[in-house]
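File shown: work_4.tsv. Contents: TSV, C-alpha atoms and all ligand atoms.
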```
chain	number	residue	atom	x	y	z
A	120	MET	CA	88.29	42.04	-21.55
A	121	THR	CA	85.73	39.35	-22.14
A	122	ASP	CA	84.88	36.24	-20.18
A	123	THR	CA	84.97	34.05	-23.28
A	124	PRO	CA	87.99	31.77	-23.01
A	125	SER	CA	90.24	31.70	-26.03
A	126	PRO	CA	89.81	28.53	-28.04
A	127	LEU	CA	92.73	26.14	-28.25
A	128	ARG	CA	93.51	23.34	-30.65
A	129	ARG	CA	90.29	21.31	-30.75
A	130	LEU	CA	90.02	17.60	-30.17
A	131	GLU	CA	88.29	15.89	-33.07
A	132	PRO	CA	85.69	13.36	-31.92
A	133	GLY	CA	87.45	10.03	-31.45
A	134	ARG	CA	89.45	8.22	-28.80
A	135	ILE	CA	91.02	9.99	-25.85
A	136	VAL	CA	93.07	8.40	-23.09
A	137	LEU	CA	92.42	9.30	-19.47
A	138	ALA	CA	95.92	9.10	-18.06
A	139	SER	CA	94.94	8.15	-14.51
A	140	HIS	CA	94.99	4.96	-12.47
A	141	ASN	CA	92.69	6.36	-9.77
A	142	PRO	CA	89.21	4.73	-10.02
A	143	GLY	CA	87.58	7.69	-8.23
A	144	LYS	CA	88.92	10.15	-10.79
A	145	LEU	CA	88.07	7.84	-13.70
A	146	ARG	CA	84.43	7.68	-12.52
A	147	GLU	CA	84.29	11.47	-12.33
A	148	PHE	CA	85.84	11.93	-15.79
A	149	ASP	CA	83.40	9.40	-17.25
A	150	ASP	CA	80.57	11.61	-15.92
A	151	LEU	CA	82.21	14.81	-17.12
A	152	MET	CA	83.01	13.45	-20.61
A	153	ALA	CA	79.62	11.74	-21.07
A	154	PRO	CA	77.88	14.69	-22.78
A	155	TYR	CA	80.61	14.82	-25.43
A	156	GLY	CA	81.01	12.33	-28.24
A	157	TYR	CA	84.41	10.90	-27.39
A	158	GLU	CA	85.47	7.34	-26.76
A	159	VAL	CA	87.20	7.50	-23.39
A	160	VAL	CA	89.75	4.80	-22.55
A	161	SER	CA	91.72	4.59	-19.32
A	162	ALA	CA	95.48	4.23	-19.13
A	163	GLY	CA	94.98	1.02	-17.16
A	164	SER	CA	92.77	-0.57	-19.81
A	165	LEU	CA	95.54	0.06	-22.36
A	166	GLY	CA	98.10	-1.52	-20.03
A	167	LEU	CA	100.01	1.74	-19.64
A	168	PRO	CA	102.30	1.96	-16.59
A	169	GLU	CA	101.82	4.51	-13.79
A	170	PRO	CA	104.67	7.01	-14.22
A	171	GLU	CA	106.68	8.14	-11.23
A	172	GLU	CA	105.50	11.63	-10.22
A	173	THR	CA	108.83	13.39	-9.88
A	174	GLY	CA	107.51	16.96	-10.21
A	175	THR	CA	107.12	19.44	-7.36
A	176	THR	CA	104.06	21.17	-8.84
A	177	PHE	CA	100.62	19.96	-9.97
A	178	GLU	CA	101.43	21.30	-13.44
A	179	ALA	CA	104.67	19.34	-13.76
A	180	ASN	CA	103.09	16.07	-12.63
A	181	ALA	CA	99.98	16.50	-14.81
A	182	GLU	CA	102.22	17.14	-17.79
A	183	LEU	CA	104.48	14.17	-17.23
A	184	LYS	CA	101.51	11.81	-16.83
A	185	ALA	CA	99.76	13.16	-19.96
A	186	ARG	CA	102.92	13.10	-22.09
A	187	ALA	CA	103.76	9.54	-21.07
A	188	ALA	CA	100.28	8.30	-22.00
A	189	ALA	CA	100.14	10.19	-25.32
A	190	GLU	CA	103.57	8.92	-26.34
A	191	ALA	CA	102.82	5.33	-25.39
A	192	SER	CA	99.35	5.21	-26.95
A	193	GLY	CA	99.64	7.52	-29.96
A	194	LEU	CA	96.35	9.10	-28.83
A	195	PRO	CA	95.56	12.44	-27.20
A	196	ALA	CA	95.76	11.97	-23.44
A	197	LEU	CA	94.24	13.89	-20.53
A	198	ALA	CA	95.88	13.68	-17.11
A	199	ASP	CA	94.81	15.12	-13.76
A	200	ASP	CA	97.18	15.98	-10.95
A	201	SER	CA	95.36	17.11	-7.87
A	202	GLY	CA	95.56	17.40	-4.13
A	203	PHE	CA	94.24	18.68	-0.84
A	204	CYS	CA	95.99	21.82	0.42
A	205	VAL	CA	95.64	22.83	4.09
A	206	PHE	CA	96.68	26.45	4.49
A	207	ALA	CA	97.82	26.14	8.14
A	208	LEU	CA	100.11	23.29	7.06
A	209	ASN	CA	101.80	25.39	4.37
A	210	GLY	CA	99.67	23.74	1.71
A	211	ASP	CA	100.39	20.14	2.71
A	212	PRO	CA	99.69	17.46	1.68
A	213	GLY	CA	99.34	19.26	-1.68
A	214	VAL	CA	101.21	17.47	-4.47
A	215	TYR	CA	101.96	14.69	-1.96
A	216	SER	CA	98.27	13.96	-1.25
A	217	ALA	CA	98.38	10.48	-2.78
A	218	ARG	CA	101.67	9.66	-1.04
A	219	TRP	CA	100.39	10.64	2.43
A	220	ALA	CA	97.94	7.73	2.11
A	221	GLY	CA	100.81	5.27	1.70
A	222	PRO	CA	101.03	2.20	-0.54
A	223	GLU	CA	97.77	0.88	0.93
A	224	LYS	CA	95.97	4.08	-0.15
A	225	ASP	CA	94.74	4.50	3.42
A	226	PHE	CA	92.98	7.87	3.32
A	227	ALA	CA	91.47	7.40	6.80
A	228	MET	CA	95.06	7.42	8.04
A	229	ALA	CA	96.02	10.37	5.82
A	230	MET	CA	93.07	12.41	7.13
A	231	ARG	CA	94.08	11.51	10.71
A	232	THR	CA	97.62	12.69	9.99
A	233	ILE	CA	96.27	16.05	8.82
A	234	GLU	CA	94.07	16.33	11.89
A	235	GLU	CA	96.98	15.56	14.23
A	236	LYS	CA	99.06	18.29	12.61
A	237	LEU	CA	96.19	20.80	12.78
A	238	HIS	CA	95.62	19.86	16.41
A	239	ALA	CA	99.33	20.36	17.18
A	240	ALA	CA	99.12	23.78	15.51
A	241	GLY	CA	96.14	24.68	17.73
A	242	ALA	CA	93.86	25.01	14.68
A	243	THR	CA	90.44	24.34	16.19
A	244	ASP	CA	88.53	27.36	14.87
A	245	PRO	CA	87.14	26.90	11.32
A	246	ALA	CA	88.94	30.12	10.34
A	247	ASP	CA	92.24	28.37	11.14
A	248	ARG	CA	91.26	25.34	9.05
A	249	ARG	CA	91.02	26.92	5.59
A	250	SER	CA	91.88	24.52	2.80
A	251	SER	CA	91.43	23.91	-0.89
A	252	PHE	CA	91.33	21.20	-3.48
A	253	VAL	CA	93.38	21.90	-6.59
A	254	ALA	CA	93.26	20.04	-9.90
A	255	VAL	CA	95.50	20.67	-12.89
A	256	LEU	CA	94.53	18.91	-16.11
A	257	CYS	CA	96.99	18.44	-18.92
A	258	LEU	CA	95.99	17.54	-22.45
A	259	ALA	CA	98.93	16.10	-24.37
A	260	TRP	CA	98.89	15.42	-28.11
A	261	PRO	CA	100.94	12.61	-29.64
A	262	ASP	CA	103.00	15.25	-31.50
A	263	GLY	CA	104.15	16.73	-28.15
A	264	GLU	CA	101.88	19.77	-27.86
A	265	VAL	CA	100.38	20.25	-24.37
A	266	ALA	CA	97.77	22.49	-22.76
A	267	LEU	CA	97.13	22.99	-19.03
A	268	PHE	CA	93.91	23.84	-17.14
A	269	ARG	CA	93.60	24.60	-13.42
A	270	GLY	CA	90.61	24.46	-11.07
A	271	GLU	CA	90.37	25.17	-7.35
A	272	VAL	CA	87.69	25.14	-4.67
A	273	GLU	CA	88.14	26.58	-1.18
A	274	GLY	CA	86.57	25.45	2.05
A	275	THR	CA	87.20	24.09	5.52
A	276	ALA	CA	89.01	20.99	6.75
A	277	VAL	CA	86.46	19.43	9.11
A	278	TRP	CA	86.87	16.84	11.85
A	279	PRO	CA	85.63	14.16	12.13
A	280	PRO	CA	85.29	13.20	8.46
A	281	ARG	CA	81.68	12.94	7.28
A	282	GLY	CA	80.13	10.84	4.51
A	283	SER	CA	81.24	7.90	2.43
A	284	GLY	CA	80.82	9.26	-1.10
A	285	GLY	CA	83.58	10.27	-3.46
A	286	PHE	CA	87.15	9.23	-2.71
A	287	GLY	CA	90.34	10.34	-1.02
A	288	TYR	CA	89.97	13.35	1.28
A	289	ASP	CA	86.33	14.08	0.29
A	290	PRO	CA	84.87	13.34	3.78
A	291	MET	CA	87.17	15.95	5.36
A	292	PHE	CA	86.39	18.84	2.99
A	293	GLN	CA	83.41	21.18	3.30
A	294	PRO	CA	83.32	23.64	0.42
A	295	ASP	CA	82.43	27.26	1.20
A	296	GLY	CA	78.70	27.92	1.05
A	297	GLU	CA	77.78	24.26	1.70
A	298	SER	CA	76.78	22.54	4.95
A	299	ARG	CA	77.94	19.13	3.75
A	300	THR	CA	81.30	17.66	2.87
A	301	PHE	CA	82.13	16.29	-0.58
A	302	GLY	CA	81.83	12.87	1.06
A	303	GLU	CA	78.17	13.60	1.86
A	304	MET	CA	77.33	14.76	-1.67
A	305	SER	CA	76.29	12.78	-4.72
A	306	ALA	CA	78.66	12.77	-7.69
A	307	GLU	CA	76.33	15.20	-9.48
A	308	GLU	CA	76.46	17.63	-6.56
A	309	LYS	CA	80.24	17.43	-6.31
A	310	HIS	CA	80.58	18.19	-10.02
A	311	GLY	CA	78.11	21.09	-9.71
A	312	GLN	CA	74.70	21.44	-11.25
A	313	ASP	CA	72.90	23.50	-13.88
A	314	GLY	CA	76.01	24.81	-15.53
A	315	THR	CA	77.91	25.45	-12.30
A	316	ALA	CA	81.13	23.62	-11.66
A	317	LEU	CA	81.71	23.08	-7.94
A	318	SER	CA	84.67	20.77	-7.52
A	319	HIS	CA	88.24	21.62	-8.47
A	320	ARG	CA	88.13	18.88	-11.13
A	321	ALA	CA	84.82	20.08	-12.59
A	322	ARG	CA	86.13	23.66	-12.69
A	323	ALA	CA	89.31	22.68	-14.52
A	324	PHE	CA	87.24	20.45	-16.82
A	325	ALA	CA	84.85	23.32	-17.63
A	326	ASP	CA	87.77	25.36	-18.97
A	327	PHE	CA	89.19	22.37	-20.86
A	328	SER	CA	85.85	21.39	-22.42
A	329	ALA	CA	84.98	24.95	-23.44
A	330	ARG	CA	88.28	25.37	-25.22
A	331	CYS	CA	89.09	21.92	-26.60
A	332	LEU	CA	86.02	19.70	-26.94
A	333	GLU	CA	83.27	19.58	-29.55
A	334	ALA	CA	79.89	20.00	-27.86
A	401	LIG	O1	88.31	15.13	-5.72
A	401	LIG	C1	89.02	14.69	-4.81
A	401	LIG	N1	88.50	14.23	-3.66
A	401	LIG	C2	89.23	13.73	-2.68
A	401	LIG	N2	90.56	13.59	-2.73
A	401	LIG	C3	91.17	14.04	-3.86
A	401	LIG	C4	90.44	14.59	-4.92
A	401	LIG	N3	91.29	14.94	-5.90
A	401	LIG	C5	92.49	14.62	-5.47
A	401	LIG	N4	92.44	14.06	-4.23
A	401	LIG	C6	93.56	13.55	-3.42
A	401	LIG	C7	93.53	12.05	-3.37
A	401	LIG	C8	94.36	11.64	-4.52
A	401	LIG	O2	94.96	10.36	-4.42
A	401	LIG	C9	95.41	12.73	-4.56
A	401	LIG	C10	95.79	13.02	-5.97
A	401	LIG	O3	97.03	12.45	-6.30
A	401	LIG	P1	97.36	12.23	-7.87
A	401	LIG	O4	98.73	11.79	-8.03
A	401	LIG	O5	96.89	13.42	-8.64
A	401	LIG	O6	96.33	11.08	-8.26
A	401	LIG	P2	96.41	9.53	-8.02
A	401	LIG	O7	97.83	9.11	-7.73
A	401	LIG	O8	95.39	9.15	-7.05
A	401	LIG	O9	96.01	8.95	-9.46
A	401	LIG	P3	96.76	9.25	-10.87
A	401	LIG	O10	98.05	9.96	-10.57
A	401	LIG	O11	96.95	7.93	-11.52
A	401	LIG	O12	95.80	10.11	-11.66
A	401	LIG	O13	94.77	13.89	-4.02
A	402	MG	MG	99.35	9.85	-8.83
```

Encoded form (structure tokens):
Amino acid sequence: MTDTPSPLRRLEPGRIVLASHNPGKLREFDDLMAPYGYEVVSAGSLGLPEPEETGTTFEANAELKARAAAEASGLPALADDSGFCVFALNGDPGVYSARWAGPEKDFAMAMRTIEEKLHAAGATDPADRRSSFVAVLCLAWPDGEVALFRGEVEGTAVWPPRGSGGFGYDPMFQPDGESRTFGEMSAEEKHGQDGTALSHRARAFADFSARCLEA
């Protein structure tokens, strides 16, 4: 066994679509892609619609978003399906993380909903508040080939939320080994530093970039 990931079909330098309509994710992918020589365009800037996420897994939803963008654009497309999983809530909100925030994308409300459910379950001790962020990336080629990459980071669901950085559930998540939430960290710290990948998205991206991108 070796730790070297097997290479996959490589992306030639050129245009790649980021198949996301979430501005927080797009900012993070711009940072993550910056060291590589690709021209990154968002699905929104190409006028691509936001597909309905009918899957019940991160993998299924990442794949359907990436395939839709690759088919519509004729370009390779990278999608991210991600979510916040609270173990005491059987992994909720999980794949429904965006939906728990409602049409207004009210994550203060979504975090309150989680806290109410944890409170009802008597989960006051940090040990009862274990949680993770999960990200699954899918690279889809216009010819229909796809590849999937998964990243996770474990930590604690804290209350009250702390910090105003990042997006979504970041203020409620304190990764293991850190005293601050993702909401209290800079983008660079959330991605990880000096070759480390801290966030779920940065971890999935590290696998993707090592196997598919030209340095
Ligand atoms: O790093 C993160 N920090 C905080 N919250 C996060 C993160 N990563 C995912 N999340 C939460 C919020 C997001 O809304 C949902 C993903 O839902 P998900 O369907 O994958 O994304 P989305 O609907 O926001 O954008 P899109 O589908 O166009 O990529 O999970
Ligand atoms: Mg979505």

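Atom to atom, CA of Pro142 (chain A) and CA of Asp225 (chain A) stand 14.5 Å apart.
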
Let me see if you get this right: every residue at most 10 Å from ligand MG 402 (chain A), counting all atoms listed in the file, written as a CSV table (one decimal) with C-alpha atoms, keeping the file's coordinate frame.
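As written to disk, out-v3.csv reads:
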```csv
chain,number,residue,atom,x,y,z
A,138,ALA,CA,95.9,9.1,-18.1
A,139,SER,CA,94.9,8.2,-14.5
A,140,HIS,CA,95.0,5.0,-12.5
A,141,ASN,CA,92.7,6.4,-9.8
A,169,GLU,CA,101.8,4.5,-13.8
A,170,PRO,CA,104.7,7.0,-14.2
A,171,GLU,CA,106.7,8.1,-11.2
A,172,GLU,CA,105.5,11.6,-10.2
A,180,ASN,CA,103.1,16.1,-12.6
A,181,ALA,CA,100.0,16.5,-14.8
A,184,LYS,CA,101.5,11.8,-16.8
A,198,ALA,CA,95.9,13.7,-17.1
A,199,ASP,CA,94.8,15.1,-13.8
A,200,ASP,CA,97.2,16.0,-11.0
A,201,SER,CA,95.4,17.1,-7.9
A,202,GLY,CA,95.6,17.4,-4.1
A,214,VAL,CA,101.2,17.5,-4.5
A,215,TYR,CA,102.0,14.7,-2.0
A,216,SER,CA,98.3,14.0,-1.2
A,217,ALA,CA,98.4,10.5,-2.8
A,218,ARG,CA,101.7,9.7,-1.0
```

Set the distance at 12 Å and use all atoms listed in the file: which residues neighbour Ala191 (chain A) once local chain neighbours fewer than 2 positions away are removed? I'd like the list as a CSV table (one decimal) with C-alpha atoms, in the frame of the given file.
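The resulting file, selection11.csv, is shown below:
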```csv
chain,number,residue,atom,x,y,z
A,136,VAL,CA,93.1,8.4,-23.1
A,138,ALA,CA,95.9,9.1,-18.1
A,162,ALA,CA,95.5,4.2,-19.1
A,165,LEU,CA,95.5,0.1,-22.4
A,166,GLY,CA,98.1,-1.5,-20.0
A,167,LEU,CA,100.0,1.7,-19.6
A,168,PRO,CA,102.3,2.0,-16.6
A,169,GLU,CA,101.8,4.5,-13.8
A,170,PRO,CA,104.7,7.0,-14.2
A,184,LYS,CA,101.5,11.8,-16.8
A,185,ALA,CA,99.8,13.2,-20.0
A,186,ARG,CA,102.9,13.1,-22.1
A,187,ALA,CA,103.8,9.5,-21.1
A,188,ALA,CA,100.3,8.3,-22.0
A,189,ALA,CA,100.1,10.2,-25.3
A,193,GLY,CA,99.6,7.5,-30.0
A,194,LEU,CA,96.4,9.1,-28.8
A,195,PRO,CA,95.6,12.4,-27.2
A,196,ALA,CA,95.8,12.0,-23.4
A,259,ALA,CA,98.9,16.1,-24.4
A,260,TRP,CA,98.9,15.4,-28.1
A,261,PRO,CA,100.9,12.6,-29.6
A,262,ASP,CA,103.0,15.2,-31.5
A,263,GLY,CA,104.2,16.7,-28.2
```

Pick out the residues sitting within 9 Å of Cys331 (chain A), and hand them over as a PDB file with C-alpha atoms, keeping the file's coordinate frame; count only C-alpha atoms, and ignore anything fewer than 2 positions along from it in its own chain.
```pdb
ATOM      1  CA  PRO A 126      89.810  28.530 -28.040  1.00  0.00           C
ATOM      2  CA  LEU A 127      92.730  26.140 -28.250  1.00  0.00           C
ATOM      3  CA  ARG A 128      93.510  23.340 -30.650  1.00  0.00           C
ATOM      4  CA  ARG A 129      90.290  21.310 -30.750  1.00  0.00           C
ATOM      5  CA  LEU A 130      90.020  17.600 -30.170  1.00  0.00           C
ATOM      6  CA  GLU A 131      88.290  15.890 -33.070  1.00  0.00           C
ATOM      7  CA  ASP A 326      87.770  25.360 -18.970  1.00  0.00           C
ATOM      8  CA  PHE A 327      89.190  22.370 -20.860  1.00  0.00           C
ATOM      9  CA  SER A 328      85.850  21.390 -22.420  1.00  0.00           C
ATOM     10  CA  ALA A 329      84.980  24.950 -23.440  1.00  0.00           C
ATOM     11  CA  GLU A 333      83.270  19.580 -29.550  1.00  0.00           C
TER      12      GLU A 333
END
```

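Going from atom O10 of ligand LIG 401 (chain A) over to CA of Glu182 (chain A), you cover 11.0 Å.
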
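Shortest atom-to-atom contact with ligand LIG 401 (chain A) among A:Arg134, A:Arg248, A:Arg322, A:Lys236: A:Arg322, counting all atoms listed in the file.
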
Exercise. Tell me which protein, DNA and RNA residues are within 10 Å of Thr243 (chain A), counting only C-alpha atoms, leaving out same-chain ones fewer than 6 positions away, and put them as an NGL selection string.
Key: :A and (234 or 237 or 277-278)

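The coordinates place CA of Ala321 (chain A) at 19.9 Å from CA of Ala179 (chain A).
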
_Can you tell me which residues surround Gly143 (chain A) at a distance of at most 12 Å, considering all atoms listed in the file, apart from same-chain residues fewer than 6 positions away, and format the answer as a ChimeraX atom specification?_
/A:149-150,199,284-289,306,320

What lies within 8 Å of Ser251 (chain A) using only C-alpha atoms, ignoring chain neighbours under 5 positions off, as a JSON list (two decimals) with C-alpha atoms, in the coordinates of the input?
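Saved to result-v5.json:
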```json
[["chain", "number", "residue", "atom", "x", "y", "z"],
["A", 203, "PHE", "CA", 94.24, 18.68, -0.84],
["A", 204, "CYS", "CA", 95.99, 21.82, 0.42],
["A", 205, "VAL", "CA", 95.64, 22.83, 4.09],
["A", 206, "PHE", "CA", 96.68, 26.45, 4.49],
["A", 271, "GLU", "CA", 90.37, 25.17, -7.35],
["A", 272, "VAL", "CA", 87.69, 25.14, -4.67],
["A", 273, "GLU", "CA", 88.14, 26.58, -1.18],
["A", 274, "GLY", "CA", 86.57, 25.45, 2.05],
["A", 275, "THR", "CA", 87.20, 24.09, 5.52]]
```

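Each of A:Glu158, A:Glu264, A:Glu297, A:Glu303 was compared to ligand LIG 401 (chain A) using all atoms listed in the file, and A:Glu303 turns out to be the nearest.
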
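Checking A:Thr300, A:Ser125, A:Asn209, A:Thr315 one by one against ligand LIG 401 (chain A), counting all atoms listed in the file, you find the shortest gap at A:Thr300.
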
For Gly133 (chain A), the closest of A:Gly270, A:Gly296, A:Gly156, A:Pro279 counting all atoms listed in the file is A:Gly156

Box time for ligand LIG 401 (chain A): axis-aligned, enclosing all its listed atoms, 3 Å extra on each side; report centre and edge lengths in Å to one decimal, as JSON.
```
{"center_x": 93.5, "center_y": 11.5, "center_z": -7.2, "size_x": 16.4, "size_y": 13.2, "size_z": 15.0}
```

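Each of A:Ala153, A:Val160, A:Ala207, A:Ile233 was compared to Trp219 (chain A) using only C-alpha atoms, and A:Ile233 turns out to be the nearest.
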
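Minimum atom-to-atom distance to ligand LIG 401 (chain A), evaluated using all atoms listed in the file, belongs to A:Val253 out of A:Val253, A:Ile135, A:Leu151, A:Ala239.
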